[in-house]
file protein_26.cif (mmCIF, C-alpha atoms and all ligand atoms; chains and numbers go by the auth columns)
data_target
loop_
_atom_site.group_PDB
_atom_site.id
_atom_site.type_symbol
_atom_site.label_atom_id
_atom_site.label_comp_id
_atom_site.label_asym_id
_atom_site.label_seq_id
_atom_site.Cartn_x
_atom_site.Cartn_y
_atom_site.Cartn_z
_atom_site.B_iso_or_equiv
_atom_site.auth_seq_id
_atom_site.auth_asym_id
ATOM 1 C CA MET A 1 5.824 -12.715 -20.459 0.00 1263 A
ATOM 2 C CA ASN A 2 6.402 -10.551 -23.544 0.00 1264 A
ATOM 3 C CA GLN A 3 2.789 -10.970 -24.448 0.00 1265 A
ATOM 4 C CA PHE A 4 1.792 -9.833 -20.992 0.00 1266 A
ATOM 5 C CA LEU A 5 4.067 -6.804 -21.186 0.00 1267 A
ATOM 6 C CA SER A 6 2.847 -5.711 -24.590 0.00 1268 A
ATOM 7 C CA ARG A 7 -0.752 -6.141 -23.526 0.00 1269 A
ATOM 8 C CA ARG A 8 0.001 -4.065 -20.475 0.00 1270 A
ATOM 9 C CA ASN A 9 1.612 -1.345 -22.594 0.00 1271 A
ATOM 10 C CA PHE A 10 -1.324 -1.464 -24.940 0.00 1272 A
ATOM 11 C CA ILE A 11 -3.596 -0.615 -22.046 0.00 1273 A
ATOM 12 C CA LEU A 12 -1.286 1.865 -20.409 0.00 1274 A
ATOM 13 C CA ILE A 13 -0.243 4.029 -23.336 0.00 1275 A
ATOM 14 C CA PRO A 14 -3.709 5.388 -24.233 0.00 1276 A
ATOM 15 C CA ILE A 15 -4.314 6.411 -20.625 0.00 1277 A
ATOM 16 C CA MET A 16 -0.878 7.937 -20.163 0.00 1278 A
ATOM 17 C CA SER A 17 -2.383 11.404 -19.971 0.00 1279 A
ATOM 18 C CA ILE A 18 -4.648 10.292 -17.129 0.00 1280 A
ATOM 19 C CA LEU A 19 -1.719 8.654 -15.377 0.00 1281 A
ATOM 20 C CA LYS A 20 0.267 11.851 -15.627 0.00 1282 A
ATOM 21 C CA ILE A 21 -2.468 13.673 -13.756 0.00 1283 A
ATOM 22 C CA ILE A 22 -2.720 10.934 -11.120 0.00 1284 A
ATOM 23 C CA PHE A 23 1.035 10.677 -10.647 0.00 1285 A
ATOM 24 C CA LYS A 24 1.636 14.397 -10.517 0.00 1286 A
ATOM 25 C CA PRO A 25 1.630 14.557 -6.690 0.00 1287 A
ATOM 26 C CA VAL A 26 4.199 11.726 -6.613 0.00 1288 A
ATOM 27 C CA GLN A 27 6.914 14.020 -7.895 0.00 1289 A
ATOM 28 C CA VAL A 28 6.383 16.194 -4.850 0.00 1290 A
ATOM 29 C CA LEU A 29 6.454 13.140 -2.601 0.00 1291 A
ATOM 30 C CA ALA A 30 9.626 11.831 -4.220 0.00 1292 A
ATOM 31 C CA SER A 31 11.446 14.978 -3.213 0.00 1293 A
ATOM 32 C CA SER A 32 10.088 14.748 0.318 0.00 1294 A
ATOM 33 C CA LEU A 33 11.603 11.267 0.585 0.00 1295 A
ATOM 34 C CA SER A 34 14.841 12.981 1.531 0.00 1296 A
ATOM 35 C CA SER A 35 13.207 13.658 4.882 0.00 1297 A
ATOM 36 C CA LYS A 36 13.116 9.890 5.489 0.00 1298 A
ATOM 37 C CA GLU A 37 15.498 10.278 8.464 0.00 1299 A
ATOM 38 C CA GLU A 38 12.822 12.305 10.251 0.00 1300 A
ATOM 39 C CA TRP A 39 10.805 9.104 10.416 0.00 1301 A
ATOM 40 C CA ASN A 40 13.583 7.057 11.954 0.00 1302 A
ATOM 41 C CA LEU A 41 11.790 7.104 15.329 0.00 1303 A
ATOM 42 C CA SER A 42 12.538 5.036 18.421 0.00 1304 A
ATOM 43 C CA LYS A 43 10.183 2.304 19.621 0.00 1305 A
ATOM 44 C CA ASP A 44 8.873 4.579 22.370 0.00 1306 A
ATOM 45 C CA GLU A 45 8.274 7.446 19.948 0.00 1307 A
ATOM 46 C CA TRP A 46 6.281 5.128 17.688 0.00 1308 A
ATOM 47 C CA LYS A 47 4.335 3.744 20.648 0.00 1309 A
ATOM 48 C CA SER A 48 3.301 7.244 21.672 0.00 1310 A
ATOM 49 C CA ARG A 49 2.172 8.064 18.112 0.00 1311 A
ATOM 50 C CA LEU A 50 0.210 4.888 17.359 0.00 1312 A
ATOM 51 C CA SER A 51 -2.551 2.823 18.926 0.00 1313 A
ATOM 52 C CA PRO A 52 -1.257 -0.525 20.278 0.00 1314 A
ATOM 53 C CA GLU A 53 -3.052 -2.293 17.402 0.00 1315 A
ATOM 54 C CA SER A 54 -1.508 -0.105 14.705 0.00 1316 A
ATOM 55 C CA TYR A 55 1.899 -0.350 16.383 0.00 1317 A
ATOM 56 C CA TYR A 56 1.690 -4.139 16.198 0.00 1318 A
ATOM 57 C CA ILE A 57 0.943 -4.017 12.458 0.00 1319 A
ATOM 58 C CA LEU A 58 3.187 -1.169 11.356 0.00 1320 A
ATOM 59 C CA ARG A 59 6.246 -1.721 13.553 0.00 1321 A
ATOM 60 C CA GLU A 60 6.107 -5.465 14.283 0.00 1322 A
ATOM 61 C CA GLU A 61 4.805 -6.704 10.935 0.00 1323 A
ATOM 62 C CA GLY A 62 1.625 -8.026 12.506 0.00 1324 A
ATOM 63 C CA THR A 63 -1.510 -9.014 10.607 0.00 1325 A
ATOM 64 C CA GLU A 64 -5.025 -8.005 11.636 0.00 1326 A
ATOM 65 C CA ARG A 65 -7.896 -10.480 11.650 0.00 1327 A
ATOM 66 C CA ALA A 66 -9.585 -10.917 8.249 0.00 1328 A
ATOM 67 C CA PHE A 67 -12.807 -8.881 7.856 0.00 1329 A
ATOM 68 C CA SER A 68 -11.959 -6.884 11.009 0.00 1330 A
ATOM 69 C CA SER A 69 -11.266 -3.556 9.262 0.00 1331 A
ATOM 70 C CA GLN A 70 -14.004 -1.152 8.250 0.00 1332 A
ATOM 71 C CA LEU A 71 -11.744 -0.109 5.382 0.00 1333 A
ATOM 72 C CA ASN A 72 -12.347 -3.523 3.846 0.00 1334 A
ATOM 73 C CA ASN A 73 -15.796 -2.254 2.814 0.00 1335 A
ATOM 74 C CA GLU A 74 -14.764 1.352 2.140 0.00 1336 A
ATOM 75 C CA LYS A 75 -16.070 2.245 -1.310 0.00 1337 A
ATOM 76 C CA ARG A 76 -15.907 6.037 -1.326 0.00 1338 A
ATOM 77 C CA LYS A 77 -13.550 7.985 -3.561 0.00 1339 A
ATOM 78 C CA GLY A 78 -10.410 9.110 -1.799 0.00 1340 A
ATOM 79 C CA VAL A 79 -6.843 8.336 -0.810 0.00 1341 A
ATOM 80 C CA PHE A 80 -5.473 5.739 1.595 0.00 1342 A
ATOM 81 C CA HIS A 81 -2.586 7.146 3.621 0.00 1343 A
ATOM 82 C CA CYS A 82 0.054 5.417 5.740 0.00 1344 A
ATOM 83 C CA ALA A 83 -1.227 5.408 9.350 0.00 1345 A
ATOM 84 C CA GLY A 84 2.358 5.893 10.498 0.00 1346 A
ATOM 85 C CA CYS A 85 3.534 8.971 8.604 0.00 1347 A
ATOM 86 C CA ASP A 86 0.519 9.953 6.450 0.00 1348 A
ATOM 87 C CA LEU A 87 2.223 9.345 3.106 0.00 1349 A
ATOM 88 C CA PRO A 88 -0.470 8.684 0.428 0.00 1350 A
ATOM 89 C CA LEU A 89 -0.120 5.016 -0.598 0.00 1351 A
ATOM 90 C CA PHE A 90 -3.233 3.977 -2.552 0.00 1352 A
ATOM 91 C CA LEU A 91 -5.983 5.641 -4.577 0.00 1353 A
ATOM 92 C CA SER A 92 -9.550 4.427 -4.163 0.00 1354 A
ATOM 93 C CA ASP A 93 -9.902 3.701 -7.888 0.00 1355 A
ATOM 94 C CA LYS A 94 -7.229 0.989 -7.533 0.00 1356 A
ATOM 95 C CA LYS A 95 -9.135 -0.716 -4.692 0.00 1357 A
ATOM 96 C CA TYR A 96 -11.151 -3.849 -5.354 0.00 1358 A
ATOM 97 C CA ASP A 97 -12.934 -6.583 -3.409 0.00 1359 A
ATOM 98 C CA SER A 98 -10.552 -9.533 -3.345 0.00 1360 A
ATOM 99 C CA GLY A 99 -12.823 -11.511 -1.016 0.00 1361 A
ATOM 100 C CA THR A 100 -9.900 -12.098 1.360 0.00 1362 A
ATOM 101 C CA GLY A 101 -11.192 -9.839 4.151 0.00 1363 A
ATOM 102 C CA TRP A 102 -8.383 -7.288 3.840 0.00 1364 A
ATOM 103 C CA PRO A 103 -8.454 -4.008 1.892 0.00 1365 A
ATOM 104 C CA SER A 104 -6.972 -4.901 -1.491 0.00 1366 A
ATOM 105 C CA PHE A 105 -5.512 -2.799 -4.285 0.00 1367 A
ATOM 106 C CA TRP A 106 -4.192 -3.669 -7.725 0.00 1368 A
ATOM 107 C CA ASP A 107 -1.681 -0.830 -7.746 0.00 1369 A
ATOM 108 C CA SER A 108 0.043 1.546 -5.343 0.00 1370 A
ATOM 109 C CA ILE A 109 0.933 5.193 -5.839 0.00 1371 A
ATOM 110 C CA GLN A 110 4.285 5.198 -7.603 0.00 1372 A
ATOM 111 C CA GLY A 111 7.223 5.233 -5.201 0.00 1373 A
ATOM 112 C CA SER A 112 5.051 5.030 -2.082 0.00 1374 A
ATOM 113 C CA VAL A 113 5.845 1.446 -1.081 0.00 1375 A
ATOM 114 C CA GLU A 114 8.972 -0.723 -1.044 0.00 1376 A
ATOM 115 C CA THR A 115 9.099 -4.503 -0.889 0.00 1377 A
ATOM 116 C CA LYS A 116 11.135 -7.223 0.735 0.00 1378 A
ATOM 117 C CA VAL A 117 10.792 -11.000 0.858 0.00 1379 A
ATOM 118 C CA ASP A 118 9.805 -12.549 4.195 0.00 1380 A
ATOM 119 C CA PHE A 119 9.686 -16.201 5.243 0.00 1381 A
ATOM 120 C CA LYS A 120 7.284 -15.929 8.190 0.00 1382 A
ATOM 121 C CA LEU A 121 4.985 -18.596 6.758 0.00 1383 A
ATOM 122 C CA ILE A 122 7.993 -20.614 5.471 0.00 1384 A
ATOM 123 C CA VAL A 123 6.833 -20.058 1.888 0.00 1385 A
ATOM 124 C CA PRO A 124 8.459 -16.803 0.755 0.00 1386 A
ATOM 125 C CA ARG A 125 6.068 -13.861 0.526 0.00 1387 A
ATOM 126 C CA THR A 126 6.681 -10.334 -0.672 0.00 1388 A
ATOM 127 C CA GLU A 127 6.208 -7.950 2.210 0.00 1389 A
ATOM 128 C CA TYR A 128 5.700 -4.264 1.434 0.00 1390 A
ATOM 129 C CA HIS A 129 6.053 -1.206 3.597 0.00 1391 A
ATOM 130 C CA CYS A 130 5.727 2.558 3.424 0.00 1392 A
ATOM 131 C CA SER A 131 8.734 3.972 1.583 0.00 1393 A
ATOM 132 C CA ARG A 132 8.966 6.922 3.978 0.00 1394 A
ATOM 133 C CA CYS A 133 8.555 5.587 7.535 0.00 1395 A
ATOM 134 C CA GLY A 134 9.160 1.896 6.803 0.00 1396 A
ATOM 135 C CA GLY A 135 5.833 0.926 8.416 0.00 1397 A
ATOM 136 C CA HIS A 136 4.663 -2.560 7.432 0.00 1398 A
ATOM 137 C CA GLN A 137 1.486 -2.461 5.307 0.00 1399 A
ATOM 138 C CA GLY A 138 0.888 -5.975 3.989 0.00 1400 A
ATOM 139 C CA HIS A 139 1.941 -8.471 1.339 0.00 1401 A
ATOM 140 C CA VAL A 140 1.740 -8.279 -2.442 0.00 1402 A
ATOM 141 C CA PHE A 141 0.722 -11.277 -4.557 0.00 1403 A
ATOM 142 C CA ASN A 142 0.552 -12.007 -8.278 0.00 1404 A
ATOM 143 C CA ASP A 143 -3.117 -13.033 -8.379 0.00 1405 A
ATOM 144 C CA GLY A 144 -4.675 -9.572 -8.745 0.00 1406 A
ATOM 145 C CA PRO A 145 -6.737 -8.176 -11.611 0.00 1407 A
ATOM 146 C CA LEU A 146 -5.393 -6.586 -14.804 0.00 1408 A
ATOM 147 C CA PRO A 147 -3.751 -4.357 -15.816 0.00 1409 A
ATOM 148 C CA THR A 148 -1.090 -5.058 -13.148 0.00 1410 A
ATOM 149 C CA GLY A 149 -2.075 -8.570 -12.030 0.00 1411 A
ATOM 150 C CA LYS A 150 -1.002 -7.533 -8.527 0.00 1412 A
ATOM 151 C CA ARG A 151 -2.899 -7.852 -5.266 0.00 1413 A
ATOM 152 C CA TYR A 152 -1.699 -5.538 -2.510 0.00 1414 A
ATOM 153 C CA CYS A 153 -3.253 -7.166 0.543 0.00 1415 A
ATOM 154 C CA ASN A 154 -3.207 -4.391 3.142 0.00 1416 A
ATOM 155 C CA ASN A 155 -3.919 -4.187 6.844 0.00 1417 A
ATOM 156 C CA GLY A 156 -6.675 -1.647 7.470 0.00 1418 A
ATOM 157 C CA LEU A 157 -5.002 -0.665 10.751 0.00 1419 A
ATOM 158 C CA ALA A 158 -1.948 0.493 8.782 0.00 1420 A
ATOM 159 C CA LEU A 159 -4.033 2.901 6.694 0.00 1421 A
ATOM 160 C CA ARG A 160 -5.885 6.162 7.188 0.00 1422 A
ATOM 161 C CA PHE A 161 -8.587 6.858 4.617 0.00 1423 A
ATOM 162 C CA VAL A 162 -9.122 10.414 3.457 0.00 1424 A
ATOM 163 C CA PRO A 163 -12.385 10.714 1.480 0.00 1425 A
ATOM 164 C CA GLU A 164 -12.379 13.091 -1.462 0.00 1426 A
HETATM 165 ZN ZN ZN B . 4.624 5.782 6.423 0.00 1 B
#

call {"tool": "encode", "arguments": {"input": "protein_26.cif", "output": "structure tokens", "more": "lines below"}}
Ligand SMILES: [Zn+2]
result
Amino acid sequence: MNQFLSRRNFILIPIMSILKIIFKPVQVLASSLSSKEEWNLSKDEWKSRLSPESYYILREEGTERAFSSQLNNEKRKGVFHCAGCDLPLFLSDKKYDSGTGWPSFWDSIQGSVETKVDFKLIVPRTEYHCSRCGGHQGHVFNDGPLPTGKRYCNNGLALRFVPE
């Protein structure tokens, strides 16, 4: 564990200046998190905002069919936003092909997602959702690539891609 952490720091420290640039917008977002209550919408309000498919994913913790999302093959530079409230969640340079059939990322934008453990498949899994509107995005696993070792397995229907 210590070895993993020090290796991670070894990688992270030299690129700290790059990270500072990437994470700069997060400070703005962090302050806008106080408007979280604005996103405490009723079921009907969500239904009028979202397609039935996105409602099922975001508000009922559904899972889309593997390989069904065009975003699975999205390779352009840009930002993946929450389809519920438009909060930026993932940067395209953290996206990779996990082979699972769902858009996968090895890191999220700092502070953009929160996690909880669910037992839907009996075996506990770590669910994650948008930190602003609470919309379900996917599950995060520990079999992703370095430097984080994480795999954010995301539903394409829960995302909106904004190319650069
Ligand atoms: Zn959201």

call {"tool": "resolve_selection", "arguments": {"input": "protein_26.cif", "expression": "the PyMOL selection byres (((chain A and resi 1414) around 12) and not hetatm)", "output": "JSON, numbers by chain"}}
result
{"A": [1351, 1352, 1356, 1357, 1358, 1359, 1360, 1362, 1364, 1365, 1366, 1367, 1368, 1369, 1370, 1371, 1375, 1376, 1377, 1387, 1388, 1389, 1390, 1391, 1399, 1400, 1401, 1402, 1403, 1404, 1405, 1406, 1407, 1410, 1411, 1412, 1413, 1415, 1416, 1417, 1418]}

call {"tool": "resolve_selection", "arguments": {"input": "protein_26.cif", "expression": "the PyMOL selection byres (((not hetatm)) within 7 of (chain B and resi 1))", "output": "ChimeraX atom specification"}}
result
/A:1344-1349,1392-1397

call {"tool": "atom_distance", "arguments": {"input": "protein_26.cif", "atom1": "CA of Gln1332 (chain A)", "atom2": "CA of Arg1311 (chain A)"}}
result
21.1 Å

call {"tool": "atom_distance", "arguments": {"input": "protein_26.cif", "atom1": "CA of Gln1372 (chain A)", "atom2": "CA of Ala1328 (chain A)"}}
result
26.5 Å

call {"tool": "residues_around", "arguments": {"input": "protein_26.cif", "residues": "Lys1339 (chain A)", "least_positions_apart": "2", "cutoff": "12 Å", "atoms": "only C-alpha atoms", "output": "VMD selection string"}}
result
chain A and resid 1336 to 1337 1341 to 1342 1352 to 1357 1423 to 1426

call {"tool": "build_atoms", "arguments": {"input": "protein_26.cif", "residues": "region 1346-1366 of chain A", "atoms": "N, CA, C and O atoms", "output": "PDB file, keeping the file's coordinate frame"}}
result
ATOM      1  N   GLY A1346       1.168   5.517   9.737  1.00  0.00           N
ATOM      2  CA  GLY A1346       2.358   5.893  10.498  1.00  0.00           C
ATOM      3  C   GLY A1346       2.820   7.307  10.228  1.00  0.00           C
ATOM      4  O   GLY A1346       3.044   8.091  11.153  1.00  0.00           O
ATOM      5  N   CYS A1347       2.940   7.669   8.954  1.00  0.00           N
ATOM      6  CA  CYS A1347       3.534   8.971   8.604  1.00  0.00           C
ATOM      7  C   CYS A1347       2.655   9.795   7.672  1.00  0.00           C
ATOM      8  O   CYS A1347       3.033  10.891   7.277  1.00  0.00           O
ATOM      9  N   ASP A1348       1.493   9.248   7.284  1.00  0.00           N
ATOM     10  CA  ASP A1348       0.519   9.953   6.450  1.00  0.00           C
ATOM     11  C   ASP A1348       0.904  10.074   4.971  1.00  0.00           C
ATOM     12  O   ASP A1348       0.298  10.836   4.234  1.00  0.00           O
ATOM     13  N   LEU A1349       1.897   9.338   4.544  1.00  0.00           N
ATOM     14  CA  LEU A1349       2.223   9.345   3.106  1.00  0.00           C
ATOM     15  C   LEU A1349       1.073   8.692   2.331  1.00  0.00           C
ATOM     16  O   LEU A1349       0.603   7.626   2.704  1.00  0.00           O
ATOM     17  N   PRO A1350       0.575   9.326   1.235  1.00  0.00           N
ATOM     18  CA  PRO A1350      -0.470   8.684   0.428  1.00  0.00           C
ATOM     19  C   PRO A1350       0.071   7.421  -0.255  1.00  0.00           C
ATOM     20  O   PRO A1350       1.106   7.479  -0.927  1.00  0.00           O
ATOM     21  N   LEU A1351      -0.615   6.295  -0.056  1.00  0.00           N
ATOM     22  CA  LEU A1351      -0.120   5.016  -0.598  1.00  0.00           C
ATOM     23  C   LEU A1351      -0.989   4.471  -1.729  1.00  0.00           C
ATOM     24  O   LEU A1351      -0.465   3.933  -2.705  1.00  0.00           O
ATOM     25  N   PHE A1352      -2.324   4.588  -1.573  1.00  0.00           N
ATOM     26  CA  PHE A1352      -3.233   3.977  -2.552  1.00  0.00           C
ATOM     27  C   PHE A1352      -4.376   4.925  -2.878  1.00  0.00           C
ATOM     28  O   PHE A1352      -4.885   5.620  -1.993  1.00  0.00           O
ATOM     29  N   LEU A1353      -4.808   4.883  -4.149  1.00  0.00           N
ATOM     30  CA  LEU A1353      -5.983   5.641  -4.577  1.00  0.00           C
ATOM     31  C   LEU A1353      -7.189   4.698  -4.600  1.00  0.00           C
ATOM     32  O   LEU A1353      -7.051   3.512  -4.916  1.00  0.00           O
ATOM     33  N   SER A1354      -8.358   5.271  -4.270  1.00  0.00           N
ATOM     34  CA  SER A1354      -9.550   4.427  -4.163  1.00  0.00           C
ATOM     35  C   SER A1354      -9.907   3.754  -5.489  1.00  0.00           C
ATOM     36  O   SER A1354     -10.516   2.680  -5.493  1.00  0.00           O
ATOM     37  N   ASP A1355      -9.532   4.343  -6.618  1.00  0.00           N
ATOM     38  CA  ASP A1355      -9.902   3.701  -7.888  1.00  0.00           C
ATOM     39  C   ASP A1355      -9.024   2.487  -8.210  1.00  0.00           C
ATOM     40  O   ASP A1355      -9.246   1.807  -9.210  1.00  0.00           O
ATOM     41  N   LYS A1356      -8.043   2.196  -7.361  1.00  0.00           N
ATOM     42  CA  LYS A1356      -7.229   0.989  -7.533  1.00  0.00           C
ATOM     43  C   LYS A1356      -7.628  -0.075  -6.496  1.00  0.00           C
ATOM     44  O   LYS A1356      -6.998  -1.115  -6.408  1.00  0.00           O
ATOM     45  N   LYS A1357      -8.675   0.220  -5.721  1.00  0.00           N
ATOM     46  CA  LYS A1357      -9.135  -0.716  -4.692  1.00  0.00           C
ATOM     47  C   LYS A1357     -10.152  -1.657  -5.306  1.00  0.00           C
ATOM     48  O   LYS A1357     -10.933  -1.261  -6.166  1.00  0.00           O
ATOM     49  N   TYR A1358     -10.145  -2.909  -4.869  1.00  0.00           N
ATOM     50  CA  TYR A1358     -11.151  -3.849  -5.354  1.00  0.00           C
ATOM     51  C   TYR A1358     -11.450  -4.862  -4.252  1.00  0.00           C
ATOM     52  O   TYR A1358     -10.695  -4.976  -3.278  1.00  0.00           O
ATOM     53  N   ASP A1359     -12.560  -5.586  -4.404  1.00  0.00           N
ATOM     54  CA  ASP A1359     -12.934  -6.583  -3.409  1.00  0.00           C
ATOM     55  C   ASP A1359     -12.298  -7.913  -3.775  1.00  0.00           C
ATOM     56  O   ASP A1359     -12.740  -8.601  -4.692  1.00  0.00           O
ATOM     57  N   SER A1360     -11.254  -8.278  -3.049  1.00  0.00           N
ATOM     58  CA  SER A1360     -10.552  -9.533  -3.345  1.00  0.00           C
ATOM     59  C   SER A1360     -11.207 -10.715  -2.659  1.00  0.00           C
ATOM     60  O   SER A1360     -10.838 -11.861  -2.920  1.00  0.00           O
ATOM     61  N   GLY A1361     -12.153 -10.427  -1.733  1.00  0.00           N
ATOM     62  CA  GLY A1361     -12.823 -11.511  -1.016  1.00  0.00           C
ATOM     63  C   GLY A1361     -11.992 -12.101   0.115  1.00  0.00           C
ATOM     64  O   GLY A1361     -12.412 -13.049   0.769  1.00  0.00           O
ATOM     65  N   THR A1362     -10.806 -11.536   0.352  1.00  0.00           N
ATOM     66  CA  THR A1362      -9.900 -12.098   1.360  1.00  0.00           C
ATOM     67  C   THR A1362     -10.205 -11.583   2.765  1.00  0.00           C
ATOM     68  O   THR A1362      -9.760 -12.171   3.745  1.00  0.00           O
ATOM     69  N   GLY A1363     -10.920 -10.425   2.843  1.00  0.00           N
ATOM     70  CA  GLY A1363     -11.192  -9.839   4.151  1.00  0.00           C
ATOM     71  C   GLY A1363     -10.215  -8.747   4.533  1.00  0.00           C
ATOM     72  O   GLY A1363     -10.279  -8.217   5.640  1.00  0.00           O
ATOM     73  N   TRP A1364      -9.292  -8.405   3.619  1.00  0.00           N
ATOM     74  CA  TRP A1364      -8.383  -7.288   3.840  1.00  0.00           C
ATOM     75  C   TRP A1364      -8.541  -6.290   2.681  1.00  0.00           C
ATOM     76  O   TRP A1364      -8.784  -6.700   1.536  1.00  0.00           O
ATOM     77  N   PRO A1365      -8.414  -4.991   2.981  1.00  0.00           N
ATOM     78  CA  PRO A1365      -8.454  -4.008   1.892  1.00  0.00           C
ATOM     79  C   PRO A1365      -7.408  -4.380   0.830  1.00  0.00           C
ATOM     80  O   PRO A1365      -6.256  -4.634   1.170  1.00  0.00           O
ATOM     81  N   SER A1366      -7.861  -4.439  -0.425  1.00  0.00           N
ATOM     82  CA  SER A1366      -6.972  -4.901  -1.491  1.00  0.00           C
ATOM     83  C   SER A1366      -6.918  -3.901  -2.631  1.00  0.00           C
ATOM     84  O   SER A1366      -7.930  -3.291  -2.979  1.00  0.00           O
TER      85      SER A1366
END
